[in-house]
Structure formats: C-alpha cells, structure tokens
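Next comes upload32.cif, with mmCIF, C-alpha atoms.
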data_query
#
loop_
_atom_site.group_PDB
_atom_site.id
_atom_site.type_symbol
_atom_site.label_atom_id
_atom_site.label_comp_id
_atom_site.auth_asym_id
_atom_site.auth_seq_id
_atom_site.Cartn_x
_atom_site.Cartn_y
_atom_site.Cartn_z
ATOM 1 C CA MET T 1277 22.638 4.443 3.340
ATOM 2 C CA SER T 1278 26.132 5.834 3.175
ATOM 3 C CA LYS T 1279 29.005 3.874 1.727
ATOM 4 C CA PRO T 1280 31.237 2.086 4.233
ATOM 5 C CA HIS T 1281 34.564 3.881 4.427
ATOM 6 C CA LYS T 1282 37.722 2.182 3.250
ATOM 7 C CA ASN T 1283 40.398 1.901 5.890
ATOM 8 C CA ILE T 1284 43.366 3.607 4.228
ATOM 9 C CA LEU T 1285 45.804 2.589 6.949
ATOM 10 C CA ALA T 1286 44.980 -1.116 6.875
ATOM 11 C CA SER T 1287 45.488 -1.387 3.104
ATOM 12 C CA GLN T 1288 49.130 -0.152 3.180
ATOM 13 C CA PRO T 1289 52.245 -1.898 4.528
ATOM 14 C CA LEU T 1290 53.325 -0.805 8.009
ATOM 15 C CA GLU T 1291 56.852 0.237 6.903
ATOM 16 C CA LYS T 1292 55.432 2.607 4.310
ATOM 17 C CA LEU T 1293 53.145 4.249 6.875
ATOM 18 C CA MET T 1294 55.949 4.767 9.366
ATOM 19 C CA ASN T 1295 58.220 6.484 6.813
ATOM 20 C CA GLU T 1296 55.639 8.872 5.384
ATOM 21 C CA PRO T 1297 54.375 11.931 7.208
ATOM 22 C CA THR T 1298 50.658 11.868 7.851
ATOM 23 C CA THR T 1299 48.414 14.491 6.340
ATOM 24 C CA GLN T 1300 44.755 15.283 6.725
ATOM 25 C CA GLU T 1301 43.979 13.428 3.478
ATOM 26 C CA GLN T 1302 45.446 10.169 4.728
ATOM 27 C CA GLN T 1303 43.531 10.133 7.968
ATOM 28 C CA PRO T 1304 40.555 7.768 7.889
ATOM 29 C CA THR T 1305 37.161 9.339 8.306
ATOM 30 C CA VAL T 1306 34.482 7.930 10.505
ATOM 31 C CA ASP T 1307 30.971 8.208 9.127
ATOM 32 C CA ILE T 1308 28.164 8.043 11.652
ATOM 33 C CA VAL T 1309 25.004 6.512 10.235
ATOM 34 C CA LEU T 1310 21.854 6.776 12.324
ATOM 35 C CA PRO T 1311 19.132 4.125 12.139
ATOM 36 C CA THR T 1312 16.570 4.747 9.403
ATOM 37 C CA TYR T 1313 13.616 3.010 10.989
ATOM 38 C CA ILE T 1314 10.770 5.048 12.396
ATOM 39 C CA GLN T 1315 8.496 3.504 15.019
ATOM 40 C CA SER T 1316 5.326 5.494 14.325
ATOM 41 C CA PRO T 1317 3.994 7.819 11.614
ATOM 42 C CA SER T 1318 3.848 11.556 12.033
ATOM 43 C CA ASP T 1319 0.412 13.193 12.164
ATOM 44 C CA ASN T 1320 0.378 14.046 8.444
ATOM 45 C CA GLU T 1321 1.394 10.460 7.496
ATOM 46 C CA LYS T 1322 -1.344 8.553 9.334
ATOM 47 C CA PHE T 1323 -3.899 6.275 7.692
ATOM 48 C CA TYR T 1324 -7.258 7.968 8.162
ATOM 49 C CA SER T 1325 -10.136 5.609 7.385
ATOM 50 C CA SER T 1326 -12.541 8.402 6.466
ATOM 51 C CA ARG T 1327 -10.257 9.694 3.701
ATOM 52 C CA VAL T 1328 -9.690 6.213 2.288
ATOM 53 C CA GLU T 1329 -13.441 5.456 2.381
ATOM 54 C CA LYS T 1330 -14.167 8.640 0.408
ATOM 55 C CA ILE T 1331 -11.608 7.683 -2.267
ATOM 56 C CA ALA T 1332 -12.997 4.138 -2.472
ATOM 57 C CA ASN T 1333 -16.610 5.369 -2.726
ATOM 58 C CA ASP T 1334 -15.748 7.821 -5.506
ATOM 59 C CA ILE T 1335 -13.957 5.142 -7.511
ATOM 60 C CA LEU T 1336 -16.735 2.573 -7.010
ATOM 61 C CA GLU T 1337 -19.420 4.969 -8.208
ATOM 62 C CA HIS T 1338 -17.355 6.047 -11.208
ATOM 63 C CA GLU T 1339 -16.345 2.515 -12.251
ATOM 64 C CA PHE T 1340 -19.834 1.056 -12.015
ATOM 65 C CA GLU T 1341 -21.215 4.006 -13.929
ATOM 66 C CA LEU T 1342 -18.714 3.210 -16.719
ATOM 67 C CA ALA T 1343 -19.141 -0.585 -16.514
ATOM 68 C CA LYS T 1344 -22.764 -0.416 -17.618
ATOM 69 C CA VAL T 1345 -23.876 -3.272 -15.377
ATOM 70 C CA ASN T 1346 -27.255 -4.345 -16.742
ATOM 71 C CA GLU T 1347 -29.390 -7.467 -17.186
ATOM 72 C CA LYS T 1348 -27.284 -8.734 -20.114
ATOM 73 C CA TRP T 1349 -24.074 -8.385 -18.092
ATOM 74 C CA ILE T 1350 -25.672 -10.365 -15.235
ATOM 75 C CA GLU T 1351 -26.962 -13.085 -17.593
ATOM 76 C CA ASP T 1352 -23.457 -13.554 -19.034
ATOM 77 C CA TRP T 1353 -21.972 -13.798 -15.540
ATOM 78 C CA ASN T 1354 -20.515 -17.191 -14.714
ATOM 79 C CA ASP T 1355 -18.520 -18.485 -11.759
ATOM 80 C CA PHE T 1356 -15.198 -17.908 -13.464
ATOM 81 C CA GLY T 1357 -16.102 -14.826 -15.471
ATOM 82 C CA ASP T 1358 -13.225 -12.776 -16.775
ATOM 83 C CA ASP T 1359 -15.261 -9.567 -16.889
ATOM 84 C CA VAL T 1360 -16.006 -9.578 -13.173
ATOM 85 C CA GLU T 1361 -12.454 -10.593 -12.287
ATOM 86 C CA GLU T 1362 -10.961 -7.822 -14.424
ATOM 87 C CA LEU T 1363 -13.394 -5.271 -13.024
ATOM 88 C CA SER T 1364 -12.554 -6.169 -9.413
ATOM 89 C CA LYS T 1365 -8.785 -6.085 -10.101
ATOM 90 C CA ASP T 1366 -9.122 -2.764 -11.897
ATOM 91 C CA ILE T 1367 -11.103 -1.239 -9.033
ATOM 92 C CA ALA T 1368 -8.591 -2.515 -6.448
ATOM 93 C CA ASP T 1369 -5.637 -1.124 -8.418
ATOM 94 C CA LYS T 1370 -7.294 2.267 -8.880
ATOM 95 C CA ILE T 1371 -8.143 2.565 -5.186
ATOM 96 C CA LYS T 1372 -4.598 1.662 -4.206
ATOM 97 C CA GLU T 1373 -3.015 4.103 -6.672
ATOM 98 C CA LYS T 1374 -5.319 6.984 -5.761
ATOM 99 C CA CYS T 1375 -4.657 6.455 -2.036
ATOM 100 C CA LYS T 1376 -0.912 6.549 -2.722
ATOM 101 C CA GLU T 1377 -1.278 9.707 -4.832
ATOM 102 C CA GLU T 1378 -3.595 11.733 -2.617
ATOM 103 C CA LEU T 1379 -2.686 10.580 0.875
ATOM 104 C CA ASN T 1380 0.756 10.926 2.375
ATOM 105 C CA LEU T 1381 1.370 7.283 3.379
ATOM 106 C CA PRO T 1382 5.059 6.675 2.607
ATOM 107 C CA ARG T 1383 5.624 3.819 5.050
ATOM 108 C CA TYR T 1384 2.256 2.076 4.744
ATOM 109 C CA LYS T 1385 1.660 -1.119 2.814
ATOM 110 C CA LEU T 1386 -1.820 -0.928 1.316
ATOM 111 C CA ILE T 1387 -3.856 -4.067 0.727
ATOM 112 C CA VAL T 1388 -7.141 -3.716 -1.165
ATOM 113 C CA GLN T 1389 -9.766 -6.464 -1.264
ATOM 114 C CA VAL T 1390 -12.729 -6.100 -3.622
ATOM 115 C CA THR T 1391 -15.634 -8.569 -3.568
ATOM 116 C CA ILE T 1392 -18.375 -8.379 -6.198
ATOM 117 C CA GLY T 1393 -21.591 -10.427 -6.045
ATOM 118 C CA GLN T 1394 -24.910 -10.704 -7.852
ATOM 119 C CA LYS T 1395 -28.116 -9.590 -6.196
ATOM 120 C CA LYS T 1396 -30.301 -12.682 -6.467
ATOM 121 C CA ASP T 1397 -32.150 -12.854 -3.146
ATOM 122 C CA GLN T 1398 -29.227 -14.321 -1.245
ATOM 123 C CA GLY T 1399 -27.212 -13.135 1.702
ATOM 124 C CA ALA T 1400 -23.489 -12.620 1.901
ATOM 125 C CA ARG T 1401 -21.111 -11.647 4.639
ATOM 126 C CA VAL T 1402 -17.517 -10.559 4.090
ATOM 127 C CA THR T 1403 -15.199 -10.715 7.085
ATOM 128 C CA SER T 1404 -11.478 -10.611 7.705
ATOM 129 C CA ARG T 1405 -8.994 -10.920 10.531
ATOM 130 C CA CYS T 1406 -5.519 -9.515 10.902
ATOM 131 C CA LEU T 1407 -2.704 -9.572 13.388
ATOM 132 C CA TRP T 1408 -1.372 -6.055 13.559
ATOM 133 C CA ASP T 1409 -0.209 -3.142 15.651
ATOM 134 C CA THR T 1410 -3.350 -1.394 16.896
ATOM 135 C CA SER T 1411 -1.517 1.917 17.388
ATOM 136 C CA THR T 1412 -0.530 2.381 13.723
ATOM 137 C CA ASP T 1413 -2.373 -0.112 11.486
ATOM 138 C CA ARG T 1414 -5.885 0.661 10.265
ATOM 139 C CA TYR T 1415 -8.541 -0.398 7.791
ATOM 140 C CA ALA T 1416 -11.347 1.228 5.862
ATOM 141 C CA SER T 1417 -14.424 -0.489 4.493
ATOM 142 C CA THR T 1418 -17.126 0.625 2.143
ATOM 143 C CA SER T 1419 -19.802 -0.945 0.001
ATOM 144 C CA TYR T 1420 -21.770 -0.178 -3.107
ATOM 145 C CA GLN T 1421 -24.896 -1.671 -4.611
ATOM 146 C CA ASN T 1422 -27.228 -1.125 -7.505
ATOM 147 C CA ALA T 1423 -30.157 -3.113 -8.874
ATOM 148 C CA HIS T 1424 -27.901 -5.918 -10.131
ATOM 149 C CA VAL T 1425 -24.733 -6.241 -7.986
ATOM 150 C CA TRP T 1426 -23.256 -5.531 -4.593
ATOM 151 C CA VAL T 1427 -19.618 -4.666 -3.933
ATOM 152 C CA SER T 1428 -17.618 -4.757 -0.721
ATOM 153 C CA VAL T 1429 -14.221 -3.045 -0.474
ATOM 154 C CA LEU T 1430 -11.730 -3.427 2.372
ATOM 155 C CA VAL T 1431 -8.540 -1.368 2.418
ATOM 156 C CA PHE T 1432 -5.896 -2.285 4.982
ATOM 157 C CA GLY T 1433 -3.059 0.064 5.886
ATOM 158 C CA MET T 1434 -0.138 -1.710 7.566
ATOM 159 C CA TYR T 1435 2.640 0.535 8.878
ATOM 160 C CA THR T 1436 6.117 -0.747 8.093
ATOM 161 C CA ASP T 1437 9.091 0.538 10.044
#
Representation of the structure as structure tokens:
Amino acid sequence: MSKPHKNILASQPLEKLMNEPTTQEQQPTVDIVLPTYIQSPSDNEKFYSSRVEKIANDILEHEFELAKVNEKWIEDWNDFGDDVEELSKDIADKIKEKCKEELNLPRYKLIVQVTIGQKKDQGARVTSRCLWDTSTDRYASTSYQNAHVWVSVLVFGMYTD
C-alpha cells in the first residue's frame, strides 16, 4: 500500500498561502491506489489435487520408512502417545511446507489433516465437510498403510482474496 499523501495546503495558514507564489513542489499530489484483491487465481496459481497428492504420498512413504514402525512401536502405542502425535504433526508440517515450496499457491491457505491409526481388525472412516467457493477451493486426499498402521491425509486449499 502506498502512503497517504499529506495535504500541504491544509497544514499552512491561509494568509501565508495567498502571499506566496505557488510552485510545482507545493502542489499536492494525488496518488491513485488500485484495489489489491484478486477474485480468482491465474492458471499457474491454481490448486491442483494431483500435484498435492503426489507430494503427500512421497512424504508419507519417506516418513514411515524413517519412523521404523514395527511391533515394538505398536505395543508402546497408547491413546495419548507422544510419538504418534509428533509423527502426525511432523508429517502435516512437511506436506504443508513442500506444497508451499514446489507449488505456486501465493493466495491459498493450506490446511493439512493427518490421521494415524493401528491396524487391529477394525474399521475406520475419515470424513470432513467444508463451506467454500467451489470455483477456487479444492482438496486432495491420500492414504498410506503398512502391516501395522494406516494413515489418512487431507489437504485443503482455500483461496483467499
């Protein structure tokens, strides 16, 4: 945003202005500032679900390869386990950062939801609902599983004008 201009004429007494000749320097300038909001993204700034899904899949595979999820890790799992919480936060942060780095999404707010669960012969369903602009806002979802855990990732891209 440009600075608002100071009205030179209004800050001086009227008698002083009438006695002095006017010059170009004393004339107030009018700055025209156009609105900065943009109603829709350009083609190279759109949220493409396929690109986000690829980034999320790559990070999930890499992180679970490094995490060494095995029987001992599952046995130590409890309902309020710090290891699982830290892993899910770390994965969400990495997905968000990589999407910001690799994809040109300057006006998108990214929301990443990571859900991790044990595979113990149970079912699980992860759902979500949003109120958004269907012409610009999008989401990407992906999942990962191995012999011990399942992971669901949802990435929401909300366009902000």
Pick out the closest residue to T:Gln1389 from this set: T:Lys1322, T:Val1360, T:Arg1401, T:Val1429. Count all atoms listed in the file.
T:Val1429
Between atom CA of T:Lys1370 and atom CA of T:Leu1407, what is the distance, to one decimal in Å?
25.6 Å
With 6 Å added on each side, what axis-aligned box encloses every listed atom of stretch 1373-1377 of chain T? Give the centre and edge lengths in Å to one decimal, as JSON.
{"center_x": -3.1, "center_y": 6.9, "center_z": -4.4, "size_x": 16.4, "size_y": 17.6, "size_z": 16.6}
Polymer residues at most 10 Å from T:Val1402, all atoms listed in the file, same-chain spacing of 3 or more positions, as an NGL selection string
:T and (1391 or 1428-1430)
Within 12 Å of T:Ser1417, counting only C-alpha atoms, which residues qualify if same-chain residues fewer than 6 places away don't, as a ChimeraX atom specification?
/T:1324-1333,1371,1387-1391,1402-1404,1427-1433
Selection above as a file: C-alpha atoms, as a PDB file, in the coordinates of the input:
ATOM      1  CA  TYR T1324      -7.258   7.968   8.162  1.00  0.00           C
ATOM      2  CA  SER T1325     -10.136   5.609   7.385  1.00  0.00           C
ATOM      3  CA  SER T1326     -12.541   8.402   6.466  1.00  0.00           C
ATOM      4  CA  ARG T1327     -10.257   9.694   3.701  1.00  0.00           C
ATOM      5  CA  VAL T1328      -9.690   6.213   2.288  1.00  0.00           C
ATOM      6  CA  GLU T1329     -13.441   5.456   2.381  1.00  0.00           C
ATOM      7  CA  LYS T1330     -14.167   8.640   0.408  1.00  0.00           C
ATOM      8  CA  ILE T1331     -11.608   7.683  -2.267  1.00  0.00           C
ATOM      9  CA  ALA T1332     -12.997   4.138  -2.472  1.00  0.00           C
ATOM     10  CA  ASN T1333     -16.610   5.369  -2.726  1.00  0.00           C
ATOM     11  CA  ILE T1371      -8.143   2.565  -5.186  1.00  0.00           C
ATOM     12  CA  ILE T1387      -3.856  -4.067   0.727  1.00  0.00           C
ATOM     13  CA  VAL T1388      -7.141  -3.716  -1.165  1.00  0.00           C
ATOM     14  CA  GLN T1389      -9.766  -6.464  -1.264  1.00  0.00           C
ATOM     15  CA  VAL T1390     -12.729  -6.100  -3.622  1.00  0.00           C
ATOM     16  CA  THR T1391     -15.634  -8.569  -3.568  1.00  0.00           C
ATOM     17  CA  VAL T1402     -17.517 -10.559   4.090  1.00  0.00           C
ATOM     18  CA  THR T1403     -15.199 -10.715   7.085  1.00  0.00           C
ATOM     19  CA  SER T1404     -11.478 -10.611   7.705  1.00  0.00           C
ATOM     20  CA  VAL T1427     -19.618  -4.666  -3.933  1.00  0.00           C
ATOM     21  CA  SER T1428     -17.618  -4.757  -0.721  1.00  0.00           C
ATOM     22  CA  VAL T1429     -14.221  -3.045  -0.474  1.00  0.00           C
ATOM     23  CA  LEU T1430     -11.730  -3.427   2.372  1.00  0.00           C
ATOM     24  CA  VAL T1431      -8.540  -1.368   2.418  1.00  0.00           C
ATOM     25  CA  PHE T1432      -5.896  -2.285   4.982  1.00  0.00           C
ATOM     26  CA  GLY T1433      -3.059   0.064   5.886  1.00  0.00           C
TER      27      GLY T1433
END
Any idea what's packed within 8 Å of T:Pro1317, counting all atoms listed in the file, ignoring anything in its chain fewer than 2 positions away? Could you give it as a PDB file with C-alpha atoms, in the coordinates of the input?
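Saved the output as selection16.pdb:
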ATOM      1  CA  ILE T1314      10.770   5.048  12.396  1.00  0.00           C
ATOM      2  CA  GLN T1315       8.496   3.504  15.019  1.00  0.00           C
ATOM      3  CA  ASP T1319       0.412  13.193  12.164  1.00  0.00           C
ATOM      4  CA  ASN T1320       0.378  14.046   8.444  1.00  0.00           C
ATOM      5  CA  GLU T1321       1.394  10.460   7.496  1.00  0.00           C
ATOM      6  CA  LYS T1322      -1.344   8.553   9.334  1.00  0.00           C
ATOM      7  CA  ARG T1383       5.624   3.819   5.050  1.00  0.00           C
ATOM      8  CA  THR T1412      -0.530   2.381  13.723  1.00  0.00           C
ATOM      9  CA  TYR T1435       2.640   0.535   8.878  1.00  0.00           C
TER      10      TYR T1435
END
